[in-house]
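*Asks:* Data file input10.cif (mmCIF, C-alpha atoms) is appended below.
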```
data_run
loop_
_atom_site.group_PDB
_atom_site.id
_atom_site.type_symbol
_atom_site.label_atom_id
_atom_site.label_comp_id
_atom_site.auth_asym_id
_atom_site.auth_seq_id
_atom_site.Cartn_x
_atom_site.Cartn_y
_atom_site.Cartn_z
ATOM 1 C CA MET A 844 90.641 100.887 76.263
ATOM 2 C CA GLY A 845 94.209 99.584 76.147
ATOM 3 C CA ARG A 846 96.884 100.005 78.799
ATOM 4 C CA VAL A 847 98.392 103.035 77.052
ATOM 5 C CA GLY A 848 94.954 104.641 76.883
ATOM 6 C CA TRP A 849 94.403 104.216 80.627
ATOM 7 C CA ILE A 850 97.803 105.736 81.357
ATOM 8 C CA LEU A 851 96.950 108.779 79.234
ATOM 9 C CA VAL A 852 93.582 109.179 80.941
ATOM 10 C CA CYS A 853 95.170 109.019 84.399
ATOM 11 C CA ALA A 854 97.811 111.547 83.359
ATOM 12 C CA LEU A 855 95.148 113.950 82.105
ATOM 13 C CA ILE A 856 93.241 113.572 85.367
ATOM 14 C CA CYS A 857 96.327 114.494 87.391
ATOM 15 C CA ILE A 858 97.114 117.463 85.125
ATOM 16 C CA CYS A 859 93.555 118.776 85.241
ATOM 17 C CA GLY A 860 93.237 118.417 88.984
ATOM 18 C CA PHE A 861 90.960 115.348 89.028
ATOM 19 C CA GLY A 862 88.380 117.166 86.936
ATOM 20 C CA MET A 863 88.481 120.540 88.674
ATOM 21 C CA GLY A 864 88.664 123.553 86.408
ATOM 22 C CA ASP A 865 91.242 126.239 87.082
ATOM 23 C CA GLY A 866 88.552 128.726 88.090
ATOM 24 C CA MET A 867 87.053 126.305 90.573
ATOM 25 C CA ALA A 868 90.434 125.463 92.098
ATOM 26 C CA ALA A 869 91.021 129.160 92.741
ATOM 27 C CA GLN A 870 87.767 129.688 94.641
ATOM 28 C CA LYS A 871 87.180 129.114 98.333
ATOM 29 C CA GLN A 872 84.934 126.044 98.555
ATOM 30 C CA GLU A 873 83.812 123.884 101.448
ATOM 31 C CA LEU A 874 84.077 120.115 101.354
ATOM 32 C CA ILE A 875 82.177 118.138 104.006
ATOM 33 C CA ILE A 876 83.534 114.654 104.725
ATOM 34 C CA PHE A 877 81.913 112.177 107.117
ATOM 35 C CA HIS A 878 84.120 109.202 107.911
ATOM 36 C CA ALA A 879 84.621 106.229 110.212
ATOM 37 C CA ASP A 880 86.769 106.782 113.309
ATOM 38 C CA SER A 881 89.306 104.231 112.065
ATOM 39 C CA LEU A 882 89.895 106.314 108.919
ATOM 40 C CA THR A 883 90.826 109.456 110.849
ATOM 41 C CA ALA A 884 94.585 109.226 110.292
ATOM 42 C CA PRO A 885 94.604 108.451 106.550
ATOM 43 C CA PHE A 886 91.814 110.923 105.763
ATOM 44 C CA LYS A 887 93.681 113.698 107.600
ATOM 45 C CA GLU A 888 96.831 112.946 105.615
ATOM 46 C CA VAL A 889 94.978 112.661 102.319
ATOM 47 C CA THR A 890 93.343 116.014 103.044
ATOM 48 C CA ALA A 891 96.675 117.633 103.885
ATOM 49 C CA ALA A 892 98.161 116.414 100.603
ATOM 50 C CA PHE A 893 95.032 117.458 98.718
ATOM 51 C CA ASN A 894 95.200 120.951 100.242
ATOM 52 C CA SER A 895 98.791 121.346 99.089
ATOM 53 C CA LYS A 896 97.404 121.269 95.536
ATOM 54 C CA TYR A 897 94.106 122.985 96.320
ATOM 55 C CA PRO A 898 94.774 125.329 99.271
ATOM 56 C CA ASN A 899 91.410 127.040 98.822
ATOM 57 C CA ALA A 900 89.473 123.838 99.540
ATOM 58 C CA LEU A 901 88.044 124.140 103.052
ATOM 59 C CA VAL A 902 87.811 120.475 104.065
ATOM 60 C CA LYS A 903 85.734 119.669 107.138
ATOM 61 C CA LEU A 904 86.344 116.163 108.497
ATOM 62 C CA GLU A 905 83.783 114.659 110.873
ATOM 63 C CA ALA A 906 84.495 111.266 112.476
ATOM 64 C CA ALA A 907 81.995 108.776 113.935
ATOM 65 C CA GLY A 908 81.070 105.112 113.527
ATOM 66 C CA SER A 909 80.351 103.982 109.959
ATOM 67 C CA ARG A 910 76.647 103.346 110.528
ATOM 68 C CA GLU A 911 76.275 106.578 112.450
ATOM 69 C CA SER A 912 78.022 108.501 109.673
ATOM 70 C CA ALA A 913 75.691 106.972 107.088
ATOM 71 C CA SER A 914 72.618 107.745 109.206
ATOM 72 C CA LYS A 915 73.553 111.428 109.257
ATOM 73 C CA ILE A 916 72.714 111.358 105.553
ATOM 74 C CA SER A 917 69.838 108.869 105.410
ATOM 75 C CA SER A 918 67.999 109.741 108.632
ATOM 76 C CA ARG A 919 68.981 113.319 109.378
ATOM 77 C CA GLY A 920 69.343 114.627 105.850
ATOM 78 C CA ARG A 921 72.632 116.354 106.584
ATOM 79 C CA PRO A 922 74.564 117.536 103.518
ATOM 80 C CA CYS A 923 77.755 115.576 102.853
ATOM 81 C CA ASP A 924 80.247 115.630 99.986
ATOM 82 C CA VAL A 925 82.228 112.468 100.755
ATOM 83 C CA LEU A 926 81.332 109.516 102.967
ATOM 84 C CA GLY A 927 84.082 107.067 103.968
ATOM 85 C CA CYS A 928 83.255 103.929 105.972
ATOM 86 C CA ASP A 929 85.126 100.936 107.368
ATOM 87 C CA ASP A 930 81.993 98.864 106.730
ATOM 88 C CA TYR A 931 81.164 98.299 103.055
ATOM 89 C CA GLY A 932 77.585 97.494 104.015
ATOM 90 C CA ALA A 933 77.055 100.936 105.549
ATOM 91 C CA ILE A 934 77.283 102.606 102.143
ATOM 92 C CA ALA A 935 75.585 99.682 100.390
ATOM 93 C CA GLY A 936 72.575 100.450 102.592
ATOM 94 C CA LEU A 937 72.428 103.994 101.194
ATOM 95 C CA THR A 938 72.106 102.934 97.559
ATOM 96 C CA PRO A 939 70.289 103.806 95.406
ATOM 97 C CA ARG A 940 68.278 106.457 97.252
ATOM 98 C CA HIS A 941 71.118 108.364 98.902
ATOM 99 C CA ALA A 942 74.161 107.292 96.853
ATOM 100 C CA ASP A 943 74.733 105.883 93.369
ATOM 101 C CA PHE A 944 77.969 103.953 93.863
ATOM 102 C CA ASN A 945 80.156 102.268 96.464
ATOM 103 C CA ILE A 946 83.940 102.149 95.935
ATOM 104 C CA GLY A 947 85.968 99.689 98.039
ATOM 105 C CA PHE A 948 89.328 101.407 98.344
ATOM 106 C CA ALA A 949 91.139 99.514 101.152
ATOM 107 C CA THR A 950 90.958 96.691 103.675
ATOM 108 C CA HIS A 951 91.325 96.496 107.439
ATOM 109 C CA GLU A 952 92.512 93.473 109.414
ATOM 110 C CA LEU A 953 92.219 92.529 113.075
ATOM 111 C CA ALA A 954 95.541 92.044 114.837
ATOM 112 C CA ILE A 955 97.033 91.907 118.323
ATOM 113 C CA ALA A 956 98.873 94.900 119.777
ATOM 114 C CA PHE A 957 101.528 94.512 122.477
ATOM 115 C CA ARG A 958 104.686 96.068 123.940
ATOM 116 C CA ASP A 959 108.244 94.895 124.438
ATOM 117 C CA LYS A 960 107.462 94.516 128.161
ATOM 118 C CA SER A 961 104.288 92.499 127.631
ATOM 119 C CA GLN A 962 104.257 89.082 129.296
ATOM 120 C CA GLN A 963 105.502 86.414 126.856
ATOM 121 C CA ALA A 964 106.298 89.074 124.248
ATOM 122 C CA LYS A 965 109.394 87.206 123.082
ATOM 123 C CA VAL A 966 107.642 83.906 122.454
ATOM 124 C CA ILE A 967 104.150 84.775 121.207
ATOM 125 C CA THR A 968 103.461 83.832 117.576
ATOM 126 C CA SER A 969 100.552 83.608 115.172
ATOM 127 C CA ARG A 970 100.335 79.950 116.150
ATOM 128 C CA ASN A 971 100.474 79.975 119.948
ATOM 129 C CA TRP A 972 98.719 83.262 120.786
ATOM 130 C CA PRO A 973 95.517 81.596 122.092
ATOM 131 C CA ASP A 974 97.522 79.627 124.662
ATOM 132 C CA ILE A 975 99.519 82.717 125.626
ATOM 133 C CA LEU A 976 96.464 84.922 126.085
ATOM 134 C CA LEU A 977 94.682 82.353 128.254
ATOM 135 C CA ARG A 978 97.559 82.111 130.745
ATOM 136 C CA ASN A 979 96.726 83.301 134.257
ATOM 137 C CA ASP A 980 99.650 85.733 134.308
ATOM 138 C CA VAL A 981 98.675 87.341 131.003
ATOM 139 C CA HIS A 982 95.921 89.940 130.536
ATOM 140 C CA PHE A 983 94.454 91.241 127.320
ATOM 141 C CA GLY A 984 91.805 93.761 126.390
ATOM 142 C CA ARG A 985 89.269 94.249 123.646
ATOM 143 C CA LEU A 986 86.595 96.699 122.634
ATOM 144 C CA ALA A 987 82.995 96.179 123.687
ATOM 145 C CA TYR A 988 80.866 94.251 121.249
ATOM 146 C CA SER A 989 78.757 97.398 120.775
ATOM 147 C CA ASP A 990 81.762 98.798 118.866
ATOM 148 C CA LEU A 991 82.242 97.499 115.317
ATOM 149 C CA CYS A 992 85.878 96.548 115.964
ATOM 150 C CA GLY A 993 84.770 94.810 119.167
ATOM 151 C CA LEU A 994 82.030 92.942 117.307
ATOM 152 C CA ARG A 995 84.564 91.827 114.728
ATOM 153 C CA THR A 996 86.818 90.638 117.548
ATOM 154 C CA ALA A 997 84.040 88.258 118.608
ATOM 155 C CA LEU A 998 83.973 86.884 115.053
ATOM 156 C CA VAL A 999 87.763 86.508 115.124
ATOM 157 C CA PHE A 1000 87.465 84.420 118.301
ATOM 158 C CA GLN A 1001 85.005 82.097 116.550
ATOM 159 C CA LEU A 1002 87.206 81.768 113.485
ATOM 160 C CA ALA A 1003 90.214 81.033 115.706
ATOM 161 C CA GLU A 1004 88.278 78.183 117.354
ATOM 162 C CA LYS A 1005 87.637 76.645 113.926
ATOM 163 C CA TYR A 1006 91.103 77.339 112.535
ATOM 164 C CA TYR A 1007 93.009 75.892 115.509
ATOM 165 C CA LYS A 1008 90.386 73.156 116.047
ATOM 166 C CA THR A 1009 90.124 74.027 119.738
ATOM 167 C CA PRO A 1010 86.631 73.470 121.213
ATOM 168 C CA SER A 1011 85.261 76.329 123.377
ATOM 169 C CA LEU A 1012 88.179 78.614 122.492
ATOM 170 C CA ALA A 1013 85.851 81.468 121.490
ATOM 171 C CA SER A 1014 83.976 81.444 124.795
ATOM 172 C CA LYS A 1015 87.197 81.139 126.810
ATOM 173 C CA LEU A 1016 88.687 84.166 125.075
ATOM 174 C CA SER A 1017 85.470 86.169 125.445
ATOM 175 C CA GLU A 1018 85.187 85.379 129.142
ATOM 176 C CA LYS A 1019 88.852 85.854 130.083
ATOM 177 C CA ASP A 1020 88.979 88.437 132.907
ATOM 178 C CA GLY A 1021 85.240 89.066 132.460
ATOM 179 C CA THR A 1022 84.632 92.694 131.499
ATOM 180 C CA ARG A 1023 87.584 94.020 133.471
ATOM 181 C CA PHE A 1024 89.564 95.026 130.387
ATOM 182 C CA VAL A 1025 86.711 95.703 127.968
ATOM 183 C CA ARG A 1026 86.502 99.326 126.836
ATOM 184 C CA SER A 1027 84.049 101.280 124.706
ATOM 185 C CA ASN A 1028 86.609 103.080 122.570
ATOM 186 C CA GLU A 1029 90.063 102.630 121.092
ATOM 187 C CA ALA A 1030 91.715 105.417 123.113
ATOM 188 C CA ALA A 1031 90.688 103.867 126.440
ATOM 189 C CA LEU A 1032 91.902 100.430 125.354
ATOM 190 C CA LEU A 1033 95.241 101.818 124.182
ATOM 191 C CA ALA A 1034 95.640 103.566 127.531
ATOM 192 C CA LEU A 1035 95.378 100.194 129.299
ATOM 193 C CA LEU A 1036 98.049 98.729 127.047
ATOM 194 C CA GLU A 1037 100.440 101.650 127.194
ATOM 195 C CA SER A 1038 100.168 101.840 130.993
ATOM 196 C CA GLY A 1039 100.982 98.150 131.316
ATOM 197 C CA GLN A 1040 97.630 97.170 132.857
ATOM 198 C CA ILE A 1041 97.193 94.691 130.016
ATOM 199 C CA ASP A 1042 99.728 92.863 127.912
ATOM 200 C CA TYR A 1043 97.802 92.586 124.646
ATOM 201 C CA ALA A 1044 94.864 94.221 122.859
ATOM 202 C CA PHE A 1045 92.773 93.336 119.808
ATOM 203 C CA LEU A 1046 92.673 96.270 117.393
ATOM 204 C CA TYR A 1047 92.832 97.040 113.700
ATOM 205 C CA GLY A 1048 96.345 96.542 112.387
ATOM 206 C CA SER A 1049 96.384 100.088 111.028
ATOM 207 C CA ALA A 1050 95.671 101.532 114.481
ATOM 208 C CA ILE A 1051 98.484 99.461 115.962
ATOM 209 C CA GLU A 1052 100.966 100.720 113.377
ATOM 210 C CA GLN A 1053 99.824 104.318 113.756
ATOM 211 C CA HIS A 1054 100.562 104.131 117.498
ATOM 212 C CA ASN A 1055 103.973 102.523 116.938
ATOM 213 C CA LEU A 1056 103.125 99.421 118.968
ATOM 214 C CA LYS A 1057 104.341 95.912 118.315
ATOM 215 C CA LEU A 1058 101.961 94.029 116.052
ATOM 216 C CA LEU A 1059 101.163 90.343 115.840
ATOM 217 C CA ARG A 1060 99.465 89.485 112.566
ATOM 218 C CA LEU A 1061 96.871 86.727 112.629
ATOM 219 C CA PRO A 1062 96.427 84.116 109.872
ATOM 220 C CA GLN A 1063 94.327 85.318 106.925
ATOM 221 C CA GLN A 1064 91.646 82.758 107.792
ATOM 222 C CA ILE A 1065 91.120 84.637 111.068
ATOM 223 C CA ASN A 1066 91.923 88.328 110.617
ATOM 224 C CA LEU A 1067 88.957 89.315 108.376
ATOM 225 C CA GLY A 1068 91.384 91.152 106.117
ATOM 226 C CA SER A 1069 91.424 88.981 102.980
ATOM 227 C CA LEU A 1070 88.901 89.089 100.144
ATOM 228 C CA ASN A 1071 90.027 85.571 99.224
ATOM 229 C CA GLN A 1072 88.789 84.214 102.570
ATOM 230 C CA ALA A 1073 85.231 85.554 102.265
ATOM 231 C CA GLU A 1074 83.619 82.100 102.300
ATOM 232 C CA TYR A 1075 85.661 80.976 105.302
ATOM 233 C CA TYR A 1076 84.686 84.085 107.268
ATOM 234 C CA LYS A 1077 80.982 83.315 106.812
ATOM 235 C CA GLN A 1078 81.356 80.443 109.287
ATOM 236 C CA ALA A 1079 81.421 82.993 112.120
ATOM 237 C CA LYS A 1080 78.244 84.756 113.197
ATOM 238 C CA THR A 1081 76.886 86.672 116.150
ATOM 239 C CA ASN A 1082 73.661 88.409 117.134
ATOM 240 C CA VAL A 1083 73.411 92.141 117.676
ATOM 241 C CA GLY A 1084 70.506 94.267 118.817
ATOM 242 C CA GLY A 1085 68.167 95.393 116.055
ATOM 243 C CA PRO A 1086 66.462 98.771 115.610
ATOM 244 C CA ARG A 1087 63.441 97.618 117.634
ATOM 245 C CA LEU A 1088 63.479 96.544 121.263
ATOM 246 C CA GLY A 1089 63.745 92.776 121.630
ATOM 247 C CA LYS A 1090 64.810 92.235 118.018
ATOM 248 C CA THR A 1091 68.229 90.966 117.020
ATOM 249 C CA THR A 1092 70.142 90.848 113.768
ATOM 250 C CA VAL A 1093 72.543 88.094 112.746
ATOM 251 C CA VAL A 1094 75.944 89.412 111.662
ATOM 252 C CA ARG A 1095 78.230 87.024 109.759
ATOM 253 C CA GLY A 1096 81.935 87.285 109.235
ATOM 254 C CA GLU A 1097 83.059 89.007 106.054
ATOM 255 C CA PRO A 1098 86.172 90.795 104.790
ATOM 256 C CA ILE A 1099 86.593 94.282 106.251
ATOM 257 C CA VAL A 1100 86.458 96.623 103.280
ATOM 258 C CA CYS A 1101 86.678 100.396 103.615
ATOM 259 C CA SER A 1102 84.598 102.172 101.000
ATOM 260 C CA VAL A 1103 83.792 105.673 99.837
ATOM 261 C CA THR A 1104 81.007 107.424 97.958
ATOM 262 C CA ILE A 1105 79.786 110.858 97.002
ATOM 263 C CA PRO A 1106 76.245 111.132 98.392
ATOM 264 C CA ASN A 1107 73.472 112.351 96.118
ATOM 265 C CA ASN A 1108 72.970 115.392 98.375
ATOM 266 C CA SER A 1109 76.578 116.563 97.960
ATOM 267 C CA PRO A 1110 76.664 120.398 97.896
ATOM 268 C CA ASN A 1111 79.972 120.334 96.000
ATOM 269 C CA PRO A 1112 80.195 117.149 93.877
ATOM 270 C CA GLU A 1113 82.956 118.417 91.599
ATOM 271 C CA LEU A 1114 85.298 119.101 94.508
ATOM 272 C CA ALA A 1115 84.246 115.780 96.048
ATOM 273 C CA GLU A 1116 85.272 114.009 92.822
ATOM 274 C CA ALA A 1117 88.666 115.658 93.049
ATOM 275 C CA TRP A 1118 89.186 114.541 96.672
ATOM 276 C CA VAL A 1119 88.050 110.951 96.006
ATOM 277 C CA GLY A 1120 90.200 110.891 92.883
ATOM 278 C CA PHE A 1121 93.234 111.764 94.965
ATOM 279 C CA LEU A 1122 92.345 109.110 97.561
ATOM 280 C CA LEU A 1123 92.280 106.476 94.799
ATOM 281 C CA SER A 1124 95.428 107.725 93.072
ATOM 282 C CA THR A 1125 98.989 106.560 93.654
ATOM 283 C CA GLY A 1126 99.464 109.406 96.141
ATOM 284 C CA GLY A 1127 96.415 108.343 98.127
ATOM 285 C CA ARG A 1128 97.443 104.683 98.089
ATOM 286 C CA ASP A 1129 100.896 105.635 99.383
ATOM 287 C CA ILE A 1130 99.267 107.448 102.309
ATOM 288 C CA LEU A 1131 97.057 104.433 103.071
ATOM 289 C CA LYS A 1132 100.133 102.202 103.098
ATOM 290 C CA LYS A 1133 101.919 104.614 105.434
ATOM 291 C CA CYS A 1134 98.897 104.424 107.751
ATOM 292 C CA GLY A 1135 98.984 100.623 107.792
ATOM 293 C CA GLN A 1136 96.177 99.887 105.346
ATOM 294 C CA SER A 1137 96.212 97.773 102.194
ATOM 295 C CA SER A 1138 94.675 99.622 99.253
ATOM 296 C CA LEU A 1139 92.564 97.900 96.602
ATOM 297 C CA SER A 1140 93.574 98.786 93.053
ATOM 298 C CA PRO A 1141 91.620 98.782 90.859
ATOM 299 C CA ALA A 1142 88.980 99.460 93.485
ATOM 300 C CA PRO A 1143 85.974 97.072 93.387
ATOM 301 C CA THR A 1144 82.890 99.173 92.735
ATOM 302 C CA ASP A 1145 79.165 98.621 92.891
ATOM 303 C CA GLY A 1146 77.401 101.099 90.639
ATOM 304 C CA TYR A 1147 80.355 101.506 88.276
ATOM 305 C CA SER A 1148 78.157 102.781 85.430
ATOM 306 C CA LYS A 1149 77.093 105.738 87.607
ATOM 307 C CA LEU A 1150 80.615 106.791 88.548
ATOM 308 C CA PRO A 1151 81.891 110.210 87.500
ATOM 309 C CA GLU A 1152 84.056 109.679 84.407
ATOM 310 C CA HIS A 1153 87.138 111.004 86.219
ATOM 311 C CA LEU A 1154 86.949 108.184 88.775
ATOM 312 C CA LYS A 1155 86.372 105.236 86.434
ATOM 313 C CA PRO A 1156 90.081 104.671 85.596
ATOM 314 C CA PHE A 1157 90.758 103.893 89.273
ATOM 315 C CA CYS A 1158 87.857 101.465 89.675
ATOM 316 C CA SER A 1159 86.804 97.967 88.688
ATOM 317 C CA ARG A 1160 83.440 97.139 87.134
ATOM 318 C CA ILE A 1161 83.230 94.216 89.543
ATOM 319 C CA GLY A 1162 81.772 95.100 92.929
ATOM 320 C CA LEU A 1163 81.474 93.213 96.198
ATOM 321 C CA ARG A 1164 77.660 92.914 96.446
#
```
Is it possible to express this structure as structure tokens?
*Replies:*
Amino acid sequence: MGRVGWILVCALICICGFGMGDGMAAQKQELIIFHADSLTAPFKEVTAAFNSKYPNALVKLEAAGSRESASKISSRGRPCDVLGCDDYGAIAGLTPRHADFNIGFATHELAIAFRDKSQQAKVITSRNWPDILLRNDVHFGRLAYSDLCGLRTALVFQLAEKYYKTPSLASKLSEKDGTRFVRSNEAALLALLESGQIDYAFLYGSAIEQHNLKLLRLPQQINLGSLNQAEYYKQAKTNVGGPRLGKTTVVRGEPIVCSVTIPNNSPNPELAEAWVGFLLSTGGRDILKKCGQSSLSPAPTDGYSKLPEHLKPFCSRIGLR
């Protein structure tokens, strides 16, 4: 199909409500969405915009970790219309039994949050931040390695050691202040930063922007936010506890890709198609940008042939696995 053809298809999708018939749009219908905690802000905004067109859609958003959200479907058999994760592998693990496709719609990146009053705030850069953070008069926080963002922070430390060619940098950063400023969730870590107990914090760039904090971007070779750096990221690895006691799993660095699917047990797949279609549309991409995330367009998709026809114009046949 030529460029003009794609434009016409997209226009028809918008006019027809992403595949929803007029009768369906007029009925009260429930839409169940499980999503990663880090997608809370954009998914709320996407839903608000979606409801302005379909006010009778009763959207129920339920946030948790990506793997936990996926397990609600695979292990607990809970019905779900849309699953959104900040871990592409979480949905990949559901295919083909629980989901037919995996659409990568955006990327995350790790960055450093700080305030105007943070120590060395005026001089810190993407080049000297390791030296700044290791100063005795500077304190920084991170999430526990049991949290996915915290685990990715450990990988960032390893990549920084390689990128800056500084032996033992990863261990020095991990051990700075011991566990004094390690927290189990984003809200607790932000509280430390906003109260001035720490000067800096490692978080997703989108979270930093959403909280109107100052943001220091890290080089692409470090921040896990670039698809072009996938091979470089593989140099970093860490062990995490496996499903059985005493077993560990090796996790390697990879680009952070947020993805979405419509599970096979969706009670309302037609409405789910409409919501996902809006997420992938220009309006959805604008919301992602507002929330500090970089959208992927066309969206790389595994299982393209099994996509609903209304979603294919937004997606690429080339996936990430």
*Asks:* When you draw a straight line from atom CA of Val902 of chain A to atom CA of Asp880 of chain A, how long is it in Å?
*Replies:*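 For atom CA of Val902 of chain A relative to atom CA of Asp880 of chain A, the distance reads 16.6 Å.
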*Asks:* Given the choices A:Arg985, A:Arg995, A:Lys1133, A:Lys1077, which gets closest to Glu1029 of chain A if the distance is worked out from only C-alpha atoms?
*Replies:*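 Going through A:Arg985, A:Arg995, A:Lys1133, A:Lys1077 one by one, the smallest distance to Glu1029 of chain A is for A:Arg985.
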*Asks:* Please evaluate the PyMOL selection byres ((chain A and resi 1000) around 12) against the displayed coordinates and give the resulting residues as a PyMOL selection string.
*Replies:* chain A and resi 953-954+972-973+976+985+993-999+1001-1019+1045+1061+1064-1067+1076+1078-1081+1096
*Asks:* Check the smallest atom-to-atom distance from each of A:Asn1055, A:Thr1092, A:Gln1072, A:Thr938 to Gly1146 of chain A using all atoms listed in the file, then report the winner.
*Replies:*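 Closest candidate: A:Thr938.
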*Asks:* Have a look at atom CA of Ala933 of chain A and atom CA of Thr1022 of chain A and let me know their distance in Å, one decimal.
*Replies:* 28.3 Å
